[in-house]
$ cat start_6.cif   # mmCIF, C-alpha atoms
data_coords
loop_
_atom_site.label_atom_id
_atom_site.label_comp_id
_atom_site.auth_asym_id
_atom_site.auth_seq_id
_atom_site.Cartn_x
_atom_site.Cartn_y
_atom_site.Cartn_z
CA MET A 101 18.07 14.59 19.76
CA LEU A 102 17.01 12.55 22.81
CA ARG A 103 13.74 10.67 22.94
CA SER A 104 11.16 12.89 24.62
CA THR A 105 9.68 11.85 27.96
CA LEU A 106 6.31 12.52 26.33
CA LEU A 107 6.67 9.09 24.72
CA GLU A 108 6.78 7.52 28.17
CA ARG A 109 3.33 8.76 29.16
CA ARG A 110 0.72 6.09 29.86
CA VAL A 111 -1.63 7.02 27.02
CA LEU A 112 -0.42 8.01 23.55
CA VAL A 113 -2.84 9.46 21.00
CA LEU A 114 -1.67 9.40 17.36
CA VAL A 115 -3.44 11.78 14.99
CA GLY A 116 -2.57 12.94 11.50
CA GLY A 117 -3.56 12.87 7.84
CA TYR A 118 -4.37 9.99 5.52
CA GLY A 119 -1.40 7.72 4.85
CA ALA A 120 0.81 9.29 7.52
CA GLY A 121 1.54 5.86 8.99
CA LYS A 122 -0.28 6.19 12.31
CA THR A 123 -1.35 2.55 12.42
CA GLN A 124 2.12 1.16 11.74
CA LEU A 125 3.56 3.45 14.44
CA SER A 126 0.78 2.54 16.87
CA ILE A 127 1.58 -1.14 16.43
CA SER A 128 5.30 -0.52 16.93
CA LEU A 129 4.73 1.43 20.14
CA ALA A 130 2.27 -1.13 21.52
CA LEU A 131 4.63 -4.01 20.76
CA LYS A 132 7.54 -2.27 22.46
CA TRP A 133 5.53 -1.71 25.61
CA ALA A 134 4.17 -5.27 25.62
CA ARG A 135 7.66 -6.73 25.17
CA ASP A 136 8.87 -4.55 28.03
CA GLY A 137 6.33 -6.27 30.27
CA HIS A 138 3.50 -3.72 30.35
CA ARG A 139 -0.22 -4.41 30.04
CA VAL A 140 -1.18 -2.74 26.77
CA ALA A 141 -4.38 -1.82 24.95
CA LEU A 142 -4.30 -0.74 21.31
CA VAL A 143 -7.43 1.20 20.35
CA ASP A 144 -8.44 1.31 16.69
CA LEU A 145 -10.29 4.58 16.04
CA ASP A 146 -9.35 4.62 12.35
CA LEU A 147 -12.89 3.82 11.26
CA ILE A 148 -12.76 5.19 7.72
CA ASN A 149 -9.74 3.84 5.88
CA PRO A 150 -10.20 0.10 5.13
CA TYR A 151 -6.59 -0.41 4.03
CA PHE A 152 -5.14 0.00 7.51
CA ARG A 153 -7.58 -1.81 9.74
CA LEU A 154 -5.96 -3.53 12.71
CA ARG A 155 -8.38 -6.44 12.54
CA GLU A 156 -6.22 -8.33 10.04
CA ILE A 157 -3.43 -8.72 12.61
CA THR A 158 -5.46 -8.81 15.82
CA LYS A 159 -4.56 -12.43 16.58
CA PRO A 160 -0.75 -11.91 16.37
CA LEU A 161 -1.06 -8.80 18.55
CA GLU A 162 -3.15 -10.65 21.11
CA ASP A 163 -0.52 -13.39 21.12
CA GLU A 164 1.94 -10.68 22.20
CA GLY A 165 -0.35 -9.78 25.11
CA ILE A 166 -1.89 -6.68 23.50
CA GLU A 167 -5.63 -6.10 23.85
CA VAL A 168 -6.98 -4.73 20.55
CA ILE A 169 -10.12 -2.62 21.05
CA ARG A 170 -12.25 -1.60 18.07
CA PRO A 171 -15.89 -1.19 17.06
CA GLU A 172 -17.28 -4.34 15.48
CA GLY A 173 -19.29 -4.99 12.32
CA ASP A 174 -21.49 -2.36 10.72
CA LEU A 175 -21.34 -0.20 13.84
CA ALA A 176 -17.77 0.70 12.91
CA PHE A 177 -18.91 2.43 9.73
CA ALA A 178 -22.01 4.24 10.96
CA GLU A 179 -22.20 8.00 10.68
CA ASN A 180 -22.26 8.14 14.47
CA PRO A 181 -20.42 4.91 15.36
CA SER A 182 -21.13 3.05 18.57
CA LEU A 183 -17.85 2.76 20.46
CA PRO A 184 -17.08 -0.16 22.77
CA PRO A 185 -17.08 0.56 26.53
CA GLN A 186 -13.64 -1.05 26.76
CA ILE A 187 -12.14 2.20 25.43
CA ASP A 188 -13.36 4.18 28.42
CA GLY A 189 -12.22 1.40 30.73
CA ALA A 190 -8.73 1.29 29.27
CA LEU A 191 -8.30 5.05 29.53
CA ARG A 192 -9.31 4.99 33.20
CA ASP A 193 -7.22 1.94 34.13
CA THR A 194 -3.91 3.35 35.34
CA THR A 195 -2.34 -0.12 35.36
CA ARG A 196 -2.52 -0.28 31.55
CA ARG A 197 -0.74 1.60 28.80
CA VAL A 198 -2.87 2.65 25.86
CA VAL A 199 -2.17 3.64 22.25
CA LEU A 200 -5.00 5.29 20.28
CA ASP A 201 -4.79 5.09 16.49
CA VAL A 202 -7.05 7.92 15.32
CA GLY A 203 -8.51 8.14 11.81
CA GLY A 204 -6.99 10.68 9.45
CA ASN A 205 -9.93 12.96 8.78
CA GLU A 206 -12.46 15.13 10.60
CA THR A 207 -14.46 12.04 11.59
CA GLY A 208 -11.47 10.58 13.39
CA ALA A 209 -10.80 13.81 15.26
CA THR A 210 -14.46 14.15 16.20
CA ILE A 211 -14.62 10.56 17.48
CA VAL A 212 -11.55 10.88 19.69
CA GLY A 213 -13.03 14.17 20.91
CA ARG A 214 -15.67 12.12 22.73
CA TYR A 215 -12.93 11.22 25.19
CA HIS A 216 -11.33 14.65 25.46
CA THR A 217 -11.99 15.02 29.19
CA LEU A 218 -10.06 11.81 29.88
CA LEU A 219 -7.37 12.66 27.32
CA LYS A 220 -6.46 15.96 28.97
CA ALA A 221 -4.91 14.10 31.91
CA ALA A 222 -1.26 14.56 32.82
CA ASP A 223 -0.39 10.99 31.78
CA VAL A 224 -1.61 11.51 28.18
CA ALA A 225 0.37 12.76 25.17
CA VAL A 226 -1.11 13.72 21.78
CA PHE A 227 1.19 13.42 18.75
CA GLN A 228 0.61 14.40 15.14
CA VAL A 229 2.24 11.97 12.73
CA VAL A 230 3.60 13.66 9.60
CA ASN A 231 4.49 12.14 6.25
CA ILE A 232 5.33 15.03 3.95
CA PHE A 233 4.94 12.79 0.90
CA ARG A 234 1.23 12.30 1.46
CA PRO A 235 -1.59 14.55 0.18
CA PHE A 236 -2.31 17.68 2.21
CA SER A 237 0.94 17.33 4.17
CA ASN A 238 3.44 18.58 1.60
CA THR A 239 3.96 22.04 3.09
CA ILE A 240 4.19 23.77 6.47
CA GLU A 241 0.89 25.50 5.75
CA GLU A 242 -0.92 22.24 4.99
CA ILE A 243 0.46 20.47 8.06
CA GLU A 244 -0.44 23.36 10.34
CA SER A 245 -3.91 23.67 8.82
CA LEU A 246 -4.48 19.97 9.50
CA ARG A 247 -3.24 20.36 13.08
CA MET A 248 -5.59 23.25 13.80
CA ASP A 249 -8.52 21.34 12.29
CA ILE A 250 -7.73 18.26 14.39
CA GLU A 251 -7.37 20.35 17.55
CA ARG A 252 -10.66 22.16 16.92
CA LYS A 253 -12.66 18.97 16.33
CA SER A 254 -10.99 16.82 19.00
CA HIS A 255 -10.78 19.51 21.73
CA LEU A 256 -7.17 18.35 22.28
CA LYS A 257 -3.81 20.02 21.73
CA VAL A 258 -1.01 18.42 19.73
CA GLN A 259 2.01 18.21 22.04
CA GLY A 260 4.61 16.79 19.68
CA TRP A 261 5.39 15.85 16.09
CA ILE A 262 6.43 12.41 14.87
CA ASN A 263 8.24 12.54 11.54
CA ASN A 264 7.22 9.44 9.60
CA SER A 265 8.06 10.78 6.13
CA ASN A 266 8.61 8.01 3.62
CA LEU A 267 7.69 6.69 0.20
CA ILE A 268 7.74 3.07 1.32
CA ASP A 269 10.13 1.13 -0.94
CA TRP A 270 10.85 4.21 -3.06
CA THR A 271 12.28 6.34 -0.24
CA THR A 272 15.71 7.82 -0.94
CA LEU A 273 18.29 9.49 1.26
CA GLU A 274 17.42 12.79 -0.44
CA ASP A 275 13.76 12.30 0.52
CA TRP A 276 14.75 11.80 4.15
CA GLN A 277 16.95 14.89 4.14
CA SER A 278 14.24 17.08 2.61
CA ALA A 279 11.76 15.83 5.23
CA LYS A 280 14.17 16.65 8.06
CA LYS A 281 14.62 20.17 6.70
CA LEU A 282 10.89 20.80 6.44
CA MET A 283 10.27 19.37 9.92
CA GLN A 284 12.91 21.66 11.41
CA THR A 285 11.11 24.66 9.96
CA LEU A 286 7.81 23.28 11.27
CA ILE A 287 9.26 23.00 14.78
CA GLU A 288 10.50 26.58 14.70
CA GLN A 289 7.22 28.01 13.44
CA SER A 290 4.81 25.94 15.54
CA LYS A 291 6.87 25.93 18.75
CA ILE A 292 5.91 22.26 19.07
CA PRO A 293 8.81 19.79 19.51
CA ILE A 294 9.51 16.72 17.45
CA VAL A 295 9.46 13.70 19.77
CA ALA A 296 10.46 10.89 17.44
CA CYS A 297 10.95 9.68 13.89
CA GLY A 298 9.42 6.55 12.43
CA VAL A 299 12.04 4.68 10.40
CA ASN A 300 12.10 1.26 8.78
CA PRO A 301 15.33 -0.41 9.99
CA LEU A 302 15.90 -2.18 6.66
CA TRP A 303 15.69 1.11 4.77
CA ALA A 304 18.05 2.86 7.19
CA GLU A 305 20.59 0.07 6.77
CA LYS A 306 20.23 0.11 2.98
CA VAL A 307 20.97 3.85 2.68
CA GLY A 308 23.69 3.79 5.35
CA LEU A 309 21.99 5.76 8.12
CA ALA A 310 23.21 5.06 11.64
CA TRP A 311 20.33 4.38 14.04
CA GLU A 312 19.46 7.30 16.31
CA PRO A 313 17.92 7.19 19.82
CA ASP A 314 14.74 9.05 18.89
CA TRP A 315 13.81 6.71 16.03
CA ILE A 316 10.90 4.28 16.33
CA PRO A 317 11.51 1.09 14.31
CA VAL A 318 8.56 0.74 11.96
CA GLU A 319 8.05 -2.55 10.19
CA ARG A 320 5.39 -3.34 7.58
CA TYR A 321 2.88 -5.06 9.83
CA LEU A 322 -0.13 -4.68 7.57
CA ASN A 323 -0.86 -5.74 4.02
CA LEU A 324 -1.01 -2.41 2.20
CA GLY A 325 -4.08 -2.01 0.04
CA TRP A 326 -2.11 0.43 -2.08
CA LYS A 327 1.57 0.56 -2.92
CA SER A 328 2.12 3.57 -5.09
CA SER A 329 4.32 6.61 -4.75
CA VAL A 330 2.54 9.92 -4.36
CA LYS A 331 5.68 11.99 -4.33
CA GLY A 332 5.10 15.40 -5.83
CA GLN A 333 1.35 15.37 -5.31
#
$ encode --input "start_6.cif" --output "structure tokens"
Amino acid sequence: MLRSTLLERRVLVLVGGYGAGKTQLSISLALKWARDGHRVALVDLDLINPYFRLREITKPLEDEGIEVIRPEGDLAFAENPSLPPQIDGALRDTTRRVVLDVGGNETGATIVGRYHTLLKAADVAVFQVVNIFRPFSNTIEEIESLRMDIERKSHLKVQGWINNSNLIDWTTLEDWQSAKKLMQTLIEQSKIPIVACGVNPLWAEKVGLAWEPDWIPVERYLNLGWKSSVKGQ
């Protein structure tokens, strides 16, 4: 499968459930663009989950030339958070590429929905990140229910899937194969294409998988606040 041209759009919006790996993927995509010479803004709209906040690695990202935009202080955790004007500016600035890391619940979808008029532009792509080993993403029905809820609250349409199914250090080749099978069924039923897969290069090498063109190399950029398998939940 070839990498979709959707991934080359100027603005990428990553939505999905808790623990899907949106932040790690967002960082990977932003770093790739920055290292290719683009001006890049990485917008942190994951305002709920404290384990995956971008603030802990803001300085290294800024050293790579990436502008990290996020609400500051207590405003980030308000019921109706005050969002920095830099978000609007980045979305309107056609000289910059932007990655939006959206929180994995109804609050995240509602917050990104504030920008839905800007995010319906032709240079924007909305992807749902899927990790079938996380709660509420184990089945086609759960994934599709989440998608419809996100679309309803954000006023945006998911245009592609990113398969980021893993169990961190406990991932096996059988896990990967079962995820691929489920994702293929999801593609057929939803009529939405898969645009990429998030894969840790060290894991792929360990299990003997040859690297494929549509894979996004995902490293562990953040200190995980949890490290436990939820397989079977």
$ atom_distance --input "start_6.cif" --atom1 "atom CA of Ala134 of chain A" --atom2 "atom CA of Glu162 of chain A"
10.1 Å
$ resolve_selection --input "start_6.cif" --expression "the PyMOL selection byres ((chain A and resi 240) around 10)" --output "list of chain:residue names"
A:Ile232, A:Phe236, A:Ser237, A:Asn238, A:Thr239, A:Glu241, A:Glu242, A:Ile243, A:Glu244, A:Ser245, A:Leu246, A:Leu282, A:Met283, A:Thr285, A:Leu286, A:Ile287, A:Gln289, A:Ser290
$ resolve_selection --input "start_6.cif" --expression "the PyMOL selection byres ((chain A and resi 166) around 9)" --output "PyMOL selection string"
chain A and resi 130-131+134+139-142+158+160-165+167-168
$ resolve_selection --input "start_6.cif" --expression "the PyMOL selection byres ((chain A and resi 108) around 12)" --output "PyMOL selection string"
chain A and resi 103-107+109-112+129-130+132-133+138+197-199+222-226+295-296
$ atom_distance --input "start_6.cif" --atom1 "atom CA of Arg192 of chain A" --atom2 "atom CA of Ile294 of chain A"
27.2 Å
